[in-house]
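The structure file my_file-v1.cif is reproduced below (mmCIF, C-alpha atoms).
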data_model
#
loop_
_atom_site.label_atom_id
_atom_site.label_comp_id
_atom_site.auth_asym_id
_atom_site.auth_seq_id
_atom_site.Cartn_x
_atom_site.Cartn_y
_atom_site.Cartn_z
CA MET A 1 117.38 112.78 95.21
CA LYS A 2 119.19 113.37 91.92
CA ASN A 3 118.66 111.80 88.52
CA ILE A 4 115.10 110.75 89.31
CA VAL A 5 111.95 111.76 87.44
CA ILE A 6 108.39 110.96 88.54
CA LEU A 7 105.73 111.11 85.84
CA THR A 8 102.02 110.52 86.10
CA GLY A 9 99.35 109.43 83.69
CA SER A 10 95.76 110.63 83.64
CA SER A 11 94.33 108.01 86.00
CA HIS A 12 95.36 109.45 89.39
CA PRO A 13 97.46 112.65 89.26
CA LYS A 14 96.59 113.58 92.88
CA LEU A 15 98.20 110.40 94.21
CA ALA A 16 101.31 111.05 92.10
CA GLN A 17 101.51 114.58 93.49
CA ARG A 18 101.25 113.32 97.08
CA ILE A 19 104.00 110.77 96.41
CA SER A 20 106.23 113.49 94.98
CA ASP A 21 105.54 115.72 97.97
CA SER A 22 106.47 112.89 100.35
CA LEU A 23 109.79 112.52 98.54
CA GLY A 24 110.42 116.26 98.44
CA ILE A 25 110.81 116.43 94.64
CA GLU A 26 108.77 118.05 91.89
CA LEU A 27 106.46 116.02 89.72
CA GLY A 28 107.77 115.70 86.17
CA SER A 29 106.03 117.69 83.47
CA CYS A 30 104.27 115.93 80.63
CA LYS A 31 101.40 116.89 78.36
CA LEU A 32 98.68 114.28 78.03
CA GLY A 33 95.66 114.43 75.78
CA LYS A 34 93.98 113.11 72.67
CA PHE A 35 94.10 114.04 69.02
CA SER A 36 90.90 114.82 67.13
CA ASN A 37 90.61 111.17 66.10
CA GLN A 38 90.79 110.11 69.80
CA GLU A 39 94.30 108.68 69.57
CA THR A 40 96.34 109.24 72.73
CA SER A 41 98.86 112.09 72.74
CA VAL A 42 101.87 112.07 75.10
CA GLU A 43 104.60 114.71 75.28
CA ILE A 44 107.24 114.67 78.03
CA LYS A 45 108.48 118.17 78.81
CA ASP A 46 111.45 117.27 81.06
CA SER A 47 114.65 115.53 80.03
CA VAL A 48 114.80 111.88 81.08
CA ARG A 49 118.20 111.06 79.60
CA GLU A 50 120.22 108.78 81.92
CA LYS A 51 117.65 109.19 84.68
CA HIS A 52 115.59 106.71 86.69
CA VAL A 53 111.98 107.34 85.68
CA TYR A 54 108.96 106.29 87.78
CA ILE A 55 105.64 106.33 85.94
CA ILE A 56 102.54 106.24 88.17
CA GLN A 57 99.35 104.97 86.54
CA SER A 58 96.53 103.14 88.31
CA GLY A 59 94.14 100.74 86.61
CA CYS A 60 90.97 102.74 87.17
CA GLY A 61 88.68 105.15 85.35
CA GLN A 62 89.02 104.78 81.58
CA VAL A 63 91.13 101.66 82.03
CA ASN A 64 91.79 100.87 78.38
CA ASP A 65 92.78 104.44 77.50
CA ASN A 66 95.00 104.59 80.58
CA ILE A 67 96.80 101.39 79.58
CA ILE A 68 97.61 102.77 76.12
CA GLU A 69 98.72 106.05 77.69
CA LEU A 70 101.00 104.15 80.07
CA LEU A 71 102.55 102.14 77.24
CA ILE A 72 103.23 105.30 75.23
CA LEU A 73 104.77 106.98 78.29
CA VAL A 74 107.07 104.00 78.82
CA GLN A 75 108.14 103.94 75.17
CA ALA A 76 108.68 107.72 75.15
CA CYS A 77 111.01 107.40 78.13
CA ARG A 78 112.82 104.50 76.48
CA MET A 79 113.32 106.50 73.29
CA GLY A 80 114.46 109.44 75.45
CA SER A 81 117.41 107.33 76.72
CA SER A 82 116.18 106.77 80.26
CA LYS A 83 118.56 104.75 82.37
CA ARG A 84 115.78 102.76 84.05
CA ILE A 85 111.98 102.82 83.83
CA THR A 86 109.80 101.70 86.75
CA VAL A 87 106.04 101.41 86.36
CA VAL A 88 104.06 101.99 89.56
CA THR A 89 100.52 100.60 89.37
CA PRO A 90 98.75 100.86 92.75
CA LEU A 91 95.88 98.97 91.09
CA PHE A 92 97.24 96.71 88.37
CA PRO A 93 94.87 96.76 85.36
CA TYR A 94 93.12 93.55 84.33
CA SER A 95 94.38 91.70 87.40
CA ARG A 96 90.90 90.22 87.91
CA GLN A 97 90.87 88.53 84.53
CA SER A 98 91.76 85.04 85.68
CA GLU A 99 89.47 82.21 84.67
CA ARG A 100 88.03 81.73 88.17
CA SER A 101 87.43 85.46 88.69
CA GLN A 102 85.52 85.79 85.42
CA ARG A 103 83.26 82.86 86.25
CA LYS A 104 82.37 84.49 89.58
CA ARG A 105 81.56 87.94 88.16
CA GLN A 106 78.01 88.80 87.11
CA PRO A 107 76.36 91.62 85.14
CA GLN A 108 75.81 94.69 87.28
CA HIS A 109 72.01 94.70 86.93
CA GLU A 110 71.80 91.14 88.28
CA ILE A 111 74.04 91.98 91.25
CA GLY A 112 72.09 95.15 92.04
CA SER A 113 68.65 93.55 92.06
CA GLU A 114 69.76 90.52 94.11
CA ILE A 115 71.64 92.44 96.79
CA MET A 116 69.20 95.35 97.07
CA ASN A 117 66.29 92.96 97.62
CA SER A 118 68.24 91.40 100.48
CA LEU A 119 69.18 94.71 102.11
CA LEU A 120 65.67 96.15 101.85
CA GLN A 121 64.22 93.16 103.72
CA THR A 122 66.30 93.68 106.85
CA ASN A 123 63.56 92.40 109.16
CA SER A 124 63.00 89.21 107.23
CA SER A 125 64.07 85.89 108.68
CA ARG A 126 64.49 84.27 105.26
CA PRO A 127 67.93 82.98 104.21
CA LEU A 128 70.26 85.24 102.29
CA PRO A 129 70.31 85.15 98.44
CA GLN A 130 70.35 81.65 97.04
CA GLY A 131 70.39 80.03 93.63
CA GLU A 132 72.64 81.15 90.78
CA PHE A 133 73.84 84.36 92.41
CA ALA A 134 74.80 82.71 95.71
CA GLN A 135 76.59 79.97 93.82
CA SER A 136 78.53 82.42 91.66
CA PHE A 137 79.35 84.57 94.72
CA MET A 138 80.87 81.60 96.51
CA GLY A 139 82.66 80.30 93.40
CA MET A 140 80.49 77.18 93.08
CA SER A 141 80.19 75.24 89.86
CA GLU A 142 77.13 73.51 88.47
CA GLY A 143 79.23 71.01 86.52
CA GLY A 144 79.24 70.42 82.80
CA TYR A 145 81.76 71.76 80.31
CA ARG A 146 84.43 73.98 81.81
CA GLN A 147 84.73 77.22 79.89
CA TRP A 148 88.15 78.74 79.34
CA CYS A 149 88.60 82.50 79.54
CA ALA A 150 91.23 84.82 78.13
CA ARG A 151 93.63 86.24 80.72
CA GLY A 152 93.91 89.94 79.95
CA GLY A 153 96.39 90.59 82.76
CA THR A 154 98.94 88.35 81.05
CA LEU A 155 98.64 90.44 77.91
CA VAL A 156 99.12 93.67 79.86
CA ALA A 157 102.27 92.21 81.43
CA ASN A 158 103.68 91.35 77.99
CA LEU A 159 102.79 94.79 76.61
CA LEU A 160 104.56 96.60 79.46
CA GLN A 161 107.71 94.58 78.88
CA ALA A 162 107.55 95.10 75.12
CA ALA A 163 107.14 98.86 75.62
CA GLY A 164 110.41 98.95 77.57
CA ALA A 165 109.59 98.80 81.29
CA ASP A 166 112.47 97.58 83.47
CA HIS A 167 110.69 97.19 86.78
CA LEU A 168 107.14 97.02 88.16
CA ILE A 169 105.73 98.03 91.54
CA ALA A 170 102.18 96.82 92.21
CA MET A 171 100.08 96.87 95.36
CA ASP A 172 97.95 93.93 96.53
CA LEU A 173 97.34 92.11 93.26
CA HIS A 174 93.86 90.59 93.16
CA ASP A 175 95.41 87.49 91.57
CA PRO A 176 99.06 87.23 92.70
CA GLN A 177 99.67 84.67 89.96
CA TYR A 178 100.25 87.51 87.49
CA GLN A 179 103.53 88.33 89.21
CA GLY A 180 104.91 85.18 87.62
CA PHE A 181 104.11 86.30 84.07
CA PHE A 182 106.75 89.05 84.14
CA GLN A 183 110.34 88.53 83.10
CA ILE A 184 111.33 91.83 84.72
CA PRO A 185 111.67 92.39 88.50
CA VAL A 186 108.33 92.86 90.26
CA ASP A 187 107.94 94.36 93.73
CA LEU A 188 104.56 93.34 95.11
CA VAL A 189 103.80 95.58 98.08
CA TYR A 190 100.95 95.53 100.57
CA ALA A 191 98.68 98.10 102.16
CA GLU A 192 98.47 96.06 105.35
CA PRO A 193 100.62 98.42 107.50
CA SER A 194 98.42 101.39 106.51
CA ILE A 195 95.26 99.39 107.18
CA ILE A 196 96.49 98.37 110.63
CA GLN A 197 97.30 101.98 111.46
CA TRP A 198 93.80 103.06 110.35
CA ILE A 199 92.14 100.39 112.49
CA ARG A 200 94.07 101.50 115.56
CA SER A 201 93.30 105.19 115.07
CA GLU A 202 89.77 105.22 113.63
CA ILE A 203 87.83 102.29 115.13
CA PRO A 204 86.72 102.75 118.75
CA ASN A 205 87.18 99.68 120.93
CA TRP A 206 89.09 97.93 118.15
CA ARG A 207 90.65 95.59 120.71
CA GLN A 208 87.23 93.92 121.14
CA ALA A 209 86.64 93.66 117.37
CA VAL A 210 86.41 90.53 115.24
CA VAL A 211 88.12 90.45 111.84
CA VAL A 212 85.88 88.80 109.24
CA SER A 213 86.84 87.32 105.89
CA PRO A 214 83.88 87.52 103.46
CA ASP A 215 84.97 84.31 101.71
CA ALA A 216 87.50 81.51 102.03
CA GLY A 217 89.82 83.12 99.48
CA GLY A 218 90.45 86.14 101.72
CA ALA A 219 91.08 84.14 104.90
CA LYS A 220 94.85 84.43 104.64
CA ARG A 221 94.70 88.22 104.41
CA ALA A 222 92.30 88.49 107.34
CA THR A 223 94.24 86.11 109.60
CA SER A 224 97.45 88.04 108.93
CA ILE A 225 95.90 91.21 110.37
CA CYS A 226 94.34 89.18 113.19
CA ASN A 227 97.80 87.99 114.18
CA ARG A 228 99.25 91.50 114.04
CA LEU A 229 96.50 92.99 116.20
CA ASN A 230 95.80 89.90 118.34
CA LEU A 231 92.11 89.87 117.37
CA ASP A 232 89.59 87.07 116.89
CA PHE A 233 88.77 85.75 113.42
CA ALA A 234 85.49 84.84 111.72
CA LEU A 235 84.69 83.48 108.27
CA ILE A 236 81.61 83.76 106.08
CA HIS A 237 80.94 80.62 104.08
CA LYS A 238 78.25 78.73 102.23
CA GLU A 239 76.13 76.20 104.06
CA ASP A 240 73.49 73.70 103.00
CA VAL A 241 69.92 74.48 104.09
CA GLY A 242 68.32 71.66 102.14
CA SER A 243 69.03 68.94 99.67
CA THR A 244 69.37 71.36 96.75
CA ARG A 245 69.77 74.81 98.32
CA GLU A 246 72.70 76.76 99.71
CA SER A 247 72.78 79.85 101.90
CA MET A 248 75.34 82.04 103.68
CA GLY A 249 76.71 81.08 107.09
CA LEU A 250 79.16 82.45 109.65
CA VAL A 251 81.92 80.62 111.50
CA GLY A 252 82.87 82.61 114.59
CA GLU A 253 81.21 84.76 117.25
CA VAL A 254 80.42 88.44 116.55
CA GLU A 255 77.40 89.11 118.77
CA GLY A 256 77.74 92.38 120.67
CA ARG A 257 81.19 93.12 119.20
CA PRO A 258 82.49 95.35 116.38
CA ALA A 259 83.09 93.43 113.15
CA ILE A 260 85.72 94.38 110.55
CA ILE A 261 85.23 92.93 107.06
CA LEU A 262 88.51 92.71 105.14
CA ASP A 263 88.72 92.34 101.36
CA ASP A 264 91.23 93.27 98.68
CA MET A 265 88.75 95.06 96.40
CA ILE A 266 85.25 96.52 96.41
CA ASP A 267 83.93 96.55 92.87
CA SER A 268 80.18 95.94 92.52
CA GLY A 269 79.67 95.85 96.31
CA SER A 270 78.05 92.41 96.25
CA THR A 271 80.54 90.83 98.64
CA ILE A 272 80.32 93.39 101.44
CA GLY A 273 76.57 93.76 100.88
CA LEU A 274 76.00 90.10 101.66
CA ALA A 275 78.65 89.98 104.38
CA SER A 276 77.24 92.97 106.29
CA GLU A 277 73.77 91.43 106.24
CA VAL A 278 75.11 88.15 107.61
CA LEU A 279 76.92 89.94 110.43
CA LYS A 280 73.91 92.06 111.32
CA ARG A 281 71.73 88.97 111.62
CA HIS A 282 74.33 87.47 113.95
CA GLY A 283 74.23 90.49 116.27
CA ALA A 284 77.35 92.47 115.37
CA LYS A 285 77.40 95.77 117.25
CA GLU A 286 79.14 97.82 114.55
CA ILE A 287 80.18 96.70 111.07
CA TYR A 288 83.19 98.16 109.26
CA ALA A 289 84.47 97.19 105.84
CA ILE A 290 88.07 97.75 104.74
CA ALA A 291 89.41 97.11 101.24
CA VAL A 292 92.65 97.95 99.50
CA HIS A 293 91.08 99.05 96.21
CA GLY A 294 87.75 100.89 96.11
CA VAL A 295 86.51 100.70 92.52
CA PHE A 296 82.77 101.09 93.34
CA SER A 297 81.27 100.24 89.97
CA GLY A 298 77.60 99.78 89.14
CA PRO A 299 75.28 99.69 92.18
CA ALA A 300 78.11 99.57 94.76
CA LEU A 301 77.46 102.95 96.40
CA GLU A 302 73.71 102.35 96.55
CA ILE A 303 74.30 98.99 98.19
CA ILE A 304 76.64 100.56 100.77
CA ASN A 305 74.25 103.41 101.55
CA LYS A 306 71.39 100.99 102.30
CA SER A 307 73.51 98.40 104.08
CA PRO A 308 74.05 98.15 107.86
CA LEU A 309 77.71 99.13 107.42
CA THR A 310 79.00 101.79 109.82
CA ALA A 311 81.90 102.86 107.60
CA VAL A 312 83.81 101.65 104.54
CA ALA A 313 87.53 102.44 104.26
CA CYS A 314 89.63 102.09 101.11
CA THR A 315 93.08 103.24 100.14
CA ASN A 316 93.56 106.01 97.61
CA SER A 317 94.96 103.62 95.00
CA VAL A 318 91.84 104.76 93.09
CA PRO A 319 90.53 108.37 93.23
CA GLN A 320 87.88 108.52 95.97
CA GLU A 321 86.67 112.14 95.88
CA ASP A 322 83.67 111.56 93.61
CA PHE A 323 82.67 108.41 95.50
CA ARG A 324 82.82 110.13 98.88
CA ALA A 325 80.52 112.89 97.60
CA GLN A 326 77.87 110.22 96.92
CA CYS A 327 78.35 108.13 100.07
CA SER A 328 78.93 109.55 103.54
CA LYS A 329 80.12 106.17 104.88
CA LEU A 330 83.33 106.15 102.82
CA ARG A 331 86.73 106.80 104.42
CA THR A 332 90.15 107.04 102.74
CA ILE A 333 93.42 105.44 103.83
CA ASP A 334 96.38 107.36 102.41
CA VAL A 335 99.10 105.09 100.98
CA ALA A 336 101.10 107.85 99.26
CA PRO A 337 103.78 108.02 102.03
CA MET A 338 104.24 104.25 101.85
CA LEU A 339 104.56 104.27 98.06
CA GLY A 340 106.98 107.18 98.31
CA GLU A 341 109.16 105.24 100.73
CA ILE A 342 109.11 102.22 98.41
CA ILE A 343 110.21 104.41 95.50
CA ARG A 344 113.01 105.83 97.62
CA ARG A 345 114.19 102.36 98.63
CA THR A 346 114.20 101.02 95.08
CA PHE A 347 116.03 104.11 93.85
CA TYR A 348 118.83 103.66 96.39
CA GLY A 349 118.90 99.88 96.08
CA GLU A 350 117.56 99.21 99.56
CA SER A 351 115.33 96.30 100.56
CA VAL A 352 111.59 96.73 100.03
CA THR A 353 110.69 93.55 101.90
CA GLN A 354 112.45 94.82 105.01
CA LEU A 355 109.88 97.60 105.21
CA PHE A 356 107.16 95.02 105.92
CA VAL A 357 109.37 92.72 108.00
CA HIS A 358 110.08 95.63 110.36
CA ASP A 359 106.36 96.27 110.72
CA GLU A 360 105.82 92.60 111.53
CA GLN A 361 108.23 92.80 114.45
CA LEU A 362 106.50 95.73 116.10
#

Can you turn what I pasted into structure tokens?
Amino acid sequence: MKNIVILTGSSHPKLAQRISDSLGIELGSCKLGKFSNQETSVEIKDSVREKHVYIIQSGCGQVNDNIIELLILVQACRMGSSKRITVVTPLFPYSRQSERSQRKRQPQHEIGSEIMNSLLQTNSSRPLPQGEFAQSFMGMSEGGYRQWCARGGTLVANLLQAAGADHLIAMDLHDPQYQGFFQIPVDLVYAEPSIIQWIRSEIPNWRQAVVVSPDAGGAKRATSICNRLNLDFALIHKEDVGSTRESMGLVGEVEGRPAIILDDMIDSGSTIGLASEVLKRHGAKEIYAIAVHGVFSGPALEIINKSPLTAVACTNSVPQEDFRAQCSKLRTIDVAPMLGEIIRRTFYGESVTQLFVHDEQL
């Protein structure tokens, strides 16, 4: 491949190196750092004149610093007369900043205390967490004035375009609506083929498993994989246990069978913590959790360690090495070959969608 340069920011250099290795080209050289006053310093060592530049930066770690670093990288390539600049964000930053998502999120200390109390009382017959946390977890509203929240992802989209990006590649946006805020081409790709391959190779007796969506919002994602693998589907939902109380319920049969929880992101761990407890109480034989993005903030790893989960698998859209050292249940799904193939297809002007259509026909 000629006239192509792949650069990486500070967020996930190992993923960028694996992508470069899959393409058989060297990773571009750039010096990243900070000045004494903590302003971001970017210096590109290789020539990018009249070349197609791919900049890989994931929305993890020091997210705000990484965004500024990405913007400076894009502008540096634009000023260096790049022919085309493509930003590759396996995890798009601030994609959870929609109004609904912000209303559902809670401070980490509240999530930790609520979920840990539930997991520690595994022999209790009481209902799962109720009240304000259960309502916020299921996206319920208590009425009254509707608060409006700033949408940070929209701002990030505008900043990338203003910096000079020509094209964006993002994987499994938490809120797909942000794709519509760009005026440049956006290729939204999915980790589903890699997840299906992992299920087939790593889960014993996967043909008897039940795919579980932890909430109604993820049902479409879960049913898609159910259809590909010809598996049964189950859904966790809220249910009324009294005139003023709500609890967690399960639609579907999991007793004596492996259960696979599917979600797009594991952040605080509250969702899979509750979901695994529901499935255990309904007699699931083994409980696996699979997510595209493993952020694992706050008490997430502690919740996973004390939960009935057998294993938790996430892609390497976010660095997983430090997390795996703290939790033996974590597994990693490598998406570098898939991202490398997508880069190759966009470079040569081939269809990206066809990559997933072909998988659907298998």

Name the residues captured by the PyMOL selection byres ((chain A and resi 200-214) around 10) when it is applied to the shown file; answer as a ChimeraX atom specification. /A:138,195-199,215-223,225-226,229-237,250-263,271-276,278-279,284-289,311,331

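From CA of Gly269 in chain A back to CA of Pro299 in chain A, the distance works out to 7.1 Å.
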
How would you write, as a PDB file with C-alpha atoms, in the coordinates of the input, the residues chosen by the PyMOL selection byres ((chain A and resi 337-352) around 9) on this structure?
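As written to disk, expr.pdb reads:
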ATOM      1  CA  MET A   1     117.380 112.780  95.210  1.00  0.00           C
ATOM      2  CA  ILE A   4     115.100 110.750  89.310  1.00  0.00           C
ATOM      3  CA  ARG A  18     101.250 113.320  97.080  1.00  0.00           C
ATOM      4  CA  ILE A  19     104.000 110.770  96.410  1.00  0.00           C
ATOM      5  CA  SER A  20     106.230 113.490  94.980  1.00  0.00           C
ATOM      6  CA  ASP A  21     105.540 115.720  97.970  1.00  0.00           C
ATOM      7  CA  SER A  22     106.470 112.890 100.350  1.00  0.00           C
ATOM      8  CA  LEU A  23     109.790 112.520  98.540  1.00  0.00           C
ATOM      9  CA  HIS A  52     115.590 106.710  86.690  1.00  0.00           C
ATOM     10  CA  TYR A  54     108.960 106.290  87.780  1.00  0.00           C
ATOM     11  CA  VAL A  88     104.060 101.990  89.560  1.00  0.00           C
ATOM     12  CA  PRO A  90      98.750 100.860  92.750  1.00  0.00           C
ATOM     13  CA  ILE A 169     105.730  98.030  91.540  1.00  0.00           C
ATOM     14  CA  ASP A 187     107.940  94.360  93.730  1.00  0.00           C
ATOM     15  CA  VAL A 189     103.800  95.580  98.080  1.00  0.00           C
ATOM     16  CA  ALA A 191      98.680  98.100 102.160  1.00  0.00           C
ATOM     17  CA  PRO A 193     100.620  98.420 107.500  1.00  0.00           C
ATOM     18  CA  SER A 194      98.420 101.390 106.510  1.00  0.00           C
ATOM     19  CA  ASP A 334      96.380 107.360 102.410  1.00  0.00           C
ATOM     20  CA  VAL A 335      99.100 105.090 100.980  1.00  0.00           C
ATOM     21  CA  ALA A 336     101.100 107.850  99.260  1.00  0.00           C
ATOM     22  CA  THR A 353     110.690  93.550 101.900  1.00  0.00           C
ATOM     23  CA  GLN A 354     112.450  94.820 105.010  1.00  0.00           C
ATOM     24  CA  LEU A 355     109.880  97.600 105.210  1.00  0.00           C
ATOM     25  CA  PHE A 356     107.160  95.020 105.920  1.00  0.00           C
TER      26      PHE A 356
END

Compile a residue-level contact table for range 283-303 of chain A against range 59-76 of chain A at a cut-off of 12 Å, reporting for every qualifying residue the shortest atom pair and its distance in Å to one decimal, with all atoms listed in the file counted, rows ordered by chain and ascending number, as JSON lines.
{"residue": "A:His293", "atom": "CA", "partner": "A:Cys60", "partner_atom": "CA", "distance": 9.8}
{"residue": "A:Gly294", "atom": "CA", "partner": "A:Cys60", "partner_atom": "CA", "distance": 9.7}
{"residue": "A:Val295", "atom": "CA", "partner": "A:Cys60", "partner_atom": "CA", "distance": 7.3}
{"residue": "A:Phe296", "atom": "CA", "partner": "A:Cys60", "partner_atom": "CA", "distance": 10.4}
{"residue": "A:Ser297", "atom": "CA", "partner": "A:Gly61", "partner_atom": "CA", "distance": 10.0}

Find the residue from A:Asn158, A:Gln17, A:Asn227, A:Asn3 that sits nearest to Lys83 in chain A; use all atoms listed in the file when measuring.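 Once distances to Lys83 in chain A are computed over all atoms listed in the file, the minimum belongs to A:Asn3.
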
What is the distance between CA of Val318 in chain A and CA of Phe92 in chain A, in Å to one decimal? 10.8 Å

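What separates CA of Glu277 in chain A from CA of Met248 in chain A is a distance of 9.9 Å.
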
Applied to the shown file, which residues does the PyMOL selection byres ((chain A and resi 8) around 7) return, written as a count of residues only? 9

For a cut-off of 8 Å around (115.6, 111.8, 78.8), file coordinates, pick out all residues using only C-alpha atoms and list them as a list of chain:residue names.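 Neighbouring residues, ordered by chain and number, come to A:Asp46, A:Ser47, A:Val48, A:Arg49, A:Glu50, A:Lys51, A:Cys77, A:Met79, A:Gly80, A:Ser81, A:Ser82.
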
What would the file look like if the residues just selected were written as a PDB file, in the frame of the given file with C-alpha atoms?
ATOM      1  CA  ASP A  46     111.450 117.270  81.060  1.00  0.00           C
ATOM      2  CA  SER A  47     114.650 115.530  80.030  1.00  0.00           C
ATOM      3  CA  VAL A  48     114.800 111.880  81.080  1.00  0.00           C
ATOM      4  CA  ARG A  49     118.200 111.060  79.600  1.00  0.00           C
ATOM      5  CA  GLU A  50     120.220 108.780  81.920  1.00  0.00           C
ATOM      6  CA  LYS A  51     117.650 109.190  84.680  1.00  0.00           C
ATOM      7  CA  CYS A  77     111.010 107.400  78.130  1.00  0.00           C
ATOM      8  CA  MET A  79     113.320 106.500  73.290  1.00  0.00           C
ATOM      9  CA  GLY A  80     114.460 109.440  75.450  1.00  0.00           C
ATOM     10  CA  SER A  81     117.410 107.330  76.720  1.00  0.00           C
ATOM     11  CA  SER A  82     116.180 106.770  80.260  1.00  0.00           C
TER      12      SER A  82
END

For Ala291 in chain A, work out the shell of residues within 7 Å, counting only C-alpha atoms and skipping chain neighbours fewer than 5 positions away, then give it as a list in words.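 Listed by chain and then number, they are Leu262, Asp263, Asp264, Met265, Ile266, Ala313 and Cys314 of chain A.
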
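For Glu321 in chain A, the list of residues within 10 Å, based on all atoms listed in the file and with local chain neighbours fewer than 4 positions off taken out, reads Asn316, Ala325, Gln326, Leu330 and Thr332 of chain A.
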
Go ahead and find all residues with at least one atom no further than 10 Å from (98.7, 89.7, 78.7) in the file's coordinates, using only C-alpha atoms; report them as a PyMOL selection string. chain A and resi 94-95+97+150-160+178+181-182
